[in-house]
Amino acid sequence: MESFEKIRKIFWAESFWLPGNHSWDELKNKGDGLYYPQVEDLYVPLYISVFISLGRIIFDRFIAESVGVWCGLNGSIKKAPTNAIYEAAFKQKKSPSGDVLESLAKQTNVTRRHVERWFRVRRNQERTPVLKKFKESAWRGIYYFFIFWFGVYMHLDKPWFYKTIECWQGWPTHTIDDDVYWYYMIQLGFYFSLMFSLFTDIRRKDFTEMIVHHVSTISLLSLSWVNNFVRMGTLVLLVHDAVDSWLEAGKVAKYLKYDKLCEGIFFTFMVVWVITRMIIFPFRIIYSTMFEALPLMGGENMPYFSMHSVYNALLCVLQVLHIIWFYYICLIAKDAIQGEINDSRSSMESASEGEEDAKNGKSVKTNHVKSHNKTAESNGVVHRNSKKVT
């Protein structure tokens, strides 16, 4: 118990979390109607994440699935007949050469066309059903839409929404209003639910980046709550939420085959991404935390390594992810100029192969069209992402 108490004191050292002229006693709630963030509050998002996860299950099963089926989306994938010989060849190469196809046809006493069809079906078997992708994007899109506009409404009477310097004046004794409290708790609960669902949702090529993003976001939200960097935290959330509903809406339009609408939404998404995550986030948010904050936080009393430096490091990690995802966005824009937008970050989403000139009696020609997996998060692109933030 003594060792545990020593570790606790080291972790919660006031010299790390607070400037020298402040103590944790100042941030204790005294029942006078003023509320300060407490460590115990962080249990609330865990409960909220359970309700959010249950809400998603209900939404998927009774709303999104019905809408998707009504729109003609396929929820199942045709499976290739079991064949040990073909399966062994498939494990070596998913699109075998003509000589291999001929050899397999002779071994099993079937036509080459039969073998080609088996491999085409087997490749498609690894694709994610469109209906599942539709349900995932619909759920996230609805959440991001409502939470963003709630965040905008909540910030209208907040002085730090207009002047970031207000995030630091009077710190660390900022009090928390009810709307800010629930905004933070719901957002943190949602990111906990995203962290859990990463292992059941579509596994995309930026899976590792998404884990880093969600861990950074949860860390930022949790630490900023404990340290009462909440004002800046709400701005970070708002900046990230601005883009995500556009991302998910574009994906839904793509799954429903509204290609022109998808293109329009995508380019709107791209503009919003550049404005919020490539301009506002680094040049307003990170600039404020690095240069505006320290003098007003009692910089002369802050140690070189403090919670402030950890917070800045996590924000920079998010910006690095934004740049990586922006690269994916540019790849999508390149494809869009050439006539097609794909959400192909999923390694399981390879395109099926086509047949040509069948009626002329020519041999079947297969085209393996590889998806260009692209996007970012979040979570975060034409899916991240992103996810977002902090």
# chains A, B, ... in the order shown; residues from 1 in each chain; ligands from 1
>>> residues_around(residues="Leu223 of chain A", least_positions_apart="5", cutoff="9 Å", atoms="only C-alpha atoms", output="PyMOL selection string")
chain A and resi 218+228-229+307+311
>>> write_last_selection(atoms="N, CA and C atoms", output="PDB file, in the first residue's frame")
ATOM      1  N   ILE A 218      -8.618   9.865 -26.922  1.00  0.00           N
ATOM      2  CA  ILE A 218      -9.079   9.521 -25.570  1.00  0.00           C
ATOM      3  C   ILE A 218      -8.111  10.077 -24.525  1.00  0.00           C
ATOM      4  N   ASN A 228      -8.171  20.462 -16.547  1.00  0.00           N
ATOM      5  CA  ASN A 228      -9.030  21.617 -16.836  1.00  0.00           C
ATOM      6  C   ASN A 228      -8.565  22.428 -18.047  1.00  0.00           C
ATOM      7  N   PHE A 229      -8.066  21.700 -19.080  1.00  0.00           N
ATOM      8  CA  PHE A 229      -7.856  22.320 -20.384  1.00  0.00           C
ATOM      9  C   PHE A 229      -9.133  22.160 -21.227  1.00  0.00           C
ATOM     10  N   MET A 307       2.297  18.804 -17.823  1.00  0.00           N
ATOM     11  CA  MET A 307       1.125  18.345 -18.553  1.00  0.00           C
ATOM     12  C   MET A 307       0.918  19.164 -19.815  1.00  0.00           C
ATOM     13  N   TYR A 311       0.311  17.614 -23.540  1.00  0.00           N
ATOM     14  CA  TYR A 311      -0.859  18.012 -24.317  1.00  0.00           C
ATOM     15  C   TYR A 311      -0.445  18.473 -25.718  1.00  0.00           C
TER      16      TYR A 311
END
>>> closest_atom_pairs(of="segment 177-280 of chain A", to="segment 53-63 of chain A", cutoff="9 Å", atoms="only C-alpha atoms", output="JSON lines")
{"residue": "A:Phe190", "atom": "CA", "partner": "A:Ser53", "partner_atom": "CA", "distance": 8.5}
{"residue": "A:Ser193", "atom": "CA", "partner": "A:Ser53", "partner_atom": "CA", "distance": 6.1}
{"residue": "A:Leu194", "atom": "CA", "partner": "A:Ser53", "partner_atom": "CA", "distance": 8.7}
{"residue": "A:Phe196", "atom": "CA", "partner": "A:Ser53", "partner_atom": "CA", "distance": 8.9}
{"residue": "A:Ser197", "atom": "CA", "partner": "A:Ser53", "partner_atom": "CA", "distance": 8.4}
>>> atom_distance(atom1="atom CA of Arg122 of chain A", atom2="atom CA of Phe199 of chain A")
23.3 Å
>>> residues_around(residues="segment 90-97 of chain A", least_positions_apart="3", cutoff="9 Å", atoms="only C-alpha atoms", output="JSON, numbers by chain")
{"A": [85, 86, 87, 100, 101, 102, 116, 119, 120, 122, 123, 368]}
>>> write_last_selection(atoms="N, CA and C atoms", output="mmCIF file, in the first residue's frame")
data_model
loop_
_atom_site.group_PDB
_atom_site.id
_atom_site.type_symbol
_atom_site.label_atom_id
_atom_site.label_comp_id
_atom_site.auth_asym_id
_atom_site.auth_seq_id
_atom_site.Cartn_x
_atom_site.Cartn_y
_atom_site.Cartn_z
ATOM 1 N N ILE A 85 -7.961 -28.082 -53.915
ATOM 2 C CA ILE A 85 -6.921 -27.797 -54.916
ATOM 3 C C ILE A 85 -6.911 -26.313 -55.257
ATOM 4 N N TYR A 86 -8.098 -25.773 -55.540
ATOM 5 C CA TYR A 86 -8.191 -24.354 -55.875
ATOM 6 C C TYR A 86 -7.779 -23.485 -54.687
ATOM 7 N N GLU A 87 -8.182 -23.911 -53.493
ATOM 8 C CA GLU A 87 -7.889 -23.117 -52.296
ATOM 9 C C GLU A 87 -6.388 -23.027 -52.057
ATOM 10 N N VAL A 100 -1.386 -21.371 -64.944
ATOM 11 C CA VAL A 100 -1.854 -22.009 -63.713
ATOM 12 C C VAL A 100 -3.329 -22.372 -63.837
ATOM 13 N N LEU A 101 -4.113 -21.472 -64.431
ATOM 14 C CA LEU A 101 -5.538 -21.747 -64.616
ATOM 15 C C LEU A 101 -5.748 -22.971 -65.498
ATOM 16 N N GLU A 102 -4.951 -23.061 -66.573
ATOM 17 C CA GLU A 102 -5.051 -24.208 -67.477
ATOM 18 C C GLU A 102 -4.695 -25.497 -66.745
ATOM 19 N N GLU A 116 -11.735 -19.898 -63.670
ATOM 20 C CA GLU A 116 -11.680 -18.436 -63.548
ATOM 21 C C GLU A 116 -12.849 -17.912 -62.722
ATOM 22 N N PHE A 119 -12.242 -18.531 -58.995
ATOM 23 C CA PHE A 119 -11.303 -17.577 -58.402
ATOM 24 C C PHE A 119 -11.940 -16.191 -58.261
ATOM 25 N N ARG A 120 -12.761 -15.812 -59.232
ATOM 26 C CA ARG A 120 -13.429 -14.513 -59.130
ATOM 27 C C ARG A 120 -14.370 -14.486 -57.930
ATOM 28 N N ARG A 122 -14.178 -16.408 -55.323
ATOM 29 C CA ARG A 122 -13.379 -16.541 -54.098
ATOM 30 C C ARG A 122 -12.767 -15.207 -53.691
ATOM 31 N N ARG A 123 -12.315 -14.422 -54.669
ATOM 32 C CA ARG A 123 -11.787 -13.096 -54.344
ATOM 33 C C ARG A 123 -12.888 -12.198 -53.777
ATOM 34 N N HIS A 368 -8.357 -7.565 -63.263
ATOM 35 C CA HIS A 368 -8.336 -7.409 -61.800
ATOM 36 C C HIS A 368 -8.149 -5.932 -61.509
#
>>> residues_around(residues="segment 244-255 of chain A", least_positions_apart="3", cutoff="7 Å", atoms="only C-alpha atoms", output="PyMOL selection string")
chain A and resi 130+134+137-138+140-141+144-145+241+258-259+261-262+265-266+269+343+381-383
>>> atom_distance(atom1="atom CA of Phe148 of chain A", atom2="atom CA of Val236 of chain A")
11.5 Å
>>> residues_around(residues="Val44 of chain A", least_positions_apart="6", cutoff="10 Å", atoms="only C-alpha atoms", output="PyMOL selection string")
chain A and resi 182+185-186+188-189
>>> write_last_selection(atoms="C-alpha atoms", output="compact mmCIF listing (two decimals), in the first residue's frame")
# COMPACT_ATOMS: atom_id res chain seq x y z
CA TRP A 182 -22.27 16.65 -21.24
CA MET A 185 -18.73 13.21 -21.60
CA ILE A 186 -20.71 12.20 -24.70
CA LEU A 188 -15.41 10.78 -24.80
CA GLY A 189 -18.01 8.01 -24.55
>>> atom_distance(atom1="atom CA of Tyr153 of chain A", atom2="atom CA of Gly264 of chain A")
26.3 Å
>>> closest_residue(among="A:Ile77, A:Leu27, A:Leu221, A:Val115", to="Leu314 of chain A", atoms="only C-alpha atoms")
A:Leu221
>>> residues_around(residues="segment 13-25 of chain A", least_positions_apart="2", cutoff="12 Å", atoms="only C-alpha atoms", output="VMD selection string")
chain A and resid 5 to 11 27 to 30 36 to 39 170 to 173 223 to 229 294 to 311
>>> select_by_dssp(residues="segment 84-184 of chain A", states="helix (DSSP H, G or I)", output="PyMOL selection string")
chain A and resi 84-92+98-108+112-124+130-155+159-161+164-167+178-184
>>> decode(residues="segment 15-38 of chain A", atoms="N, CA and C atoms", output="short mmCIF file (atom, residue, chain, number, x, y, z; two decimals), in the first residue's frame")
data_model
loop_
_atom_site.label_atom_id
_atom_site.label_comp_id
_atom_site.auth_asym_id
_atom_site.auth_seq_id
_atom_site.Cartn_x
_atom_site.Cartn_y
_atom_site.Cartn_z
N SER A 15 3.42 19.73 -9.25
CA SER A 15 4.46 20.39 -10.05
C SER A 15 4.38 20.00 -11.51
N PHE A 16 3.79 18.82 -11.79
CA PHE A 16 3.63 18.36 -13.18
C PHE A 16 2.34 18.89 -13.79
N TRP A 17 1.27 18.88 -13.02
CA TRP A 17 -0.04 19.22 -13.55
C TRP A 17 -0.35 20.71 -13.48
N LEU A 18 0.16 21.40 -12.47
CA LEU A 18 -0.24 22.77 -12.20
C LEU A 18 0.97 23.68 -12.02
N PRO A 19 0.81 24.98 -12.29
CA PRO A 19 1.90 25.92 -11.98
C PRO A 19 2.12 25.99 -10.47
N GLY A 20 3.25 26.50 -10.08
CA GLY A 20 3.66 26.44 -8.69
C GLY A 20 2.76 27.17 -7.71
N ASN A 21 1.98 28.13 -8.18
CA ASN A 21 1.14 28.90 -7.27
C ASN A 21 -0.28 28.35 -7.16
N HIS A 22 -0.50 27.10 -7.63
CA HIS A 22 -1.83 26.48 -7.55
C HIS A 22 -1.71 25.08 -6.97
N SER A 23 -2.83 24.58 -6.41
CA SER A 23 -2.86 23.24 -5.83
C SER A 23 -4.17 22.56 -6.19
N TRP A 24 -4.22 21.24 -5.97
CA TRP A 24 -5.43 20.48 -6.28
C TRP A 24 -6.60 20.90 -5.40
N ASP A 25 -6.31 21.44 -4.23
CA ASP A 25 -7.39 21.85 -3.34
C ASP A 25 -8.27 22.93 -3.95
N GLU A 26 -7.69 23.74 -4.82
CA GLU A 26 -8.45 24.81 -5.47
C GLU A 26 -9.52 24.26 -6.41
N LEU A 27 -9.29 23.03 -6.92
CA LEU A 27 -10.19 22.45 -7.92
C LEU A 27 -11.18 21.47 -7.31
N LYS A 28 -11.25 21.44 -5.99
CA LYS A 28 -12.26 20.60 -5.37
C LYS A 28 -13.59 21.32 -5.35
N ASN A 29 -14.66 20.57 -5.64
CA ASN A 29 -15.99 21.17 -5.61
C ASN A 29 -16.45 21.38 -4.16
N LYS A 30 -16.97 22.55 -3.91
CA LYS A 30 -17.32 22.93 -2.54
C LYS A 30 -18.82 23.07 -2.33
N GLY A 31 -19.62 22.66 -3.32
CA GLY A 31 -21.06 22.73 -3.16
C GLY A 31 -21.62 24.14 -3.20
N ASP A 32 -20.89 25.06 -3.83
CA ASP A 32 -21.34 26.44 -3.90
C ASP A 32 -21.95 26.79 -5.26
N GLY A 33 -22.28 25.75 -6.03
CA GLY A 33 -22.88 25.98 -7.35
C GLY A 33 -21.87 26.08 -8.47
N LEU A 34 -20.58 26.11 -8.15
CA LEU A 34 -19.52 26.16 -9.15
C LEU A 34 -18.94 24.76 -9.30
N TYR A 35 -18.74 24.32 -10.56
CA TYR A 35 -18.29 22.95 -10.78
C TYR A 35 -16.95 22.94 -11.49
N TYR A 36 -16.00 22.17 -10.93
CA TYR A 36 -14.70 21.96 -11.54
C TYR A 36 -14.58 20.49 -11.98
N PRO A 37 -13.88 20.22 -13.07
CA PRO A 37 -13.72 18.84 -13.53
C PRO A 37 -13.03 17.98 -12.47
N GLN A 38 -13.52 16.75 -12.32
CA GLN A 38 -12.97 15.82 -11.35
C GLN A 38 -12.55 14.52 -12.05
#
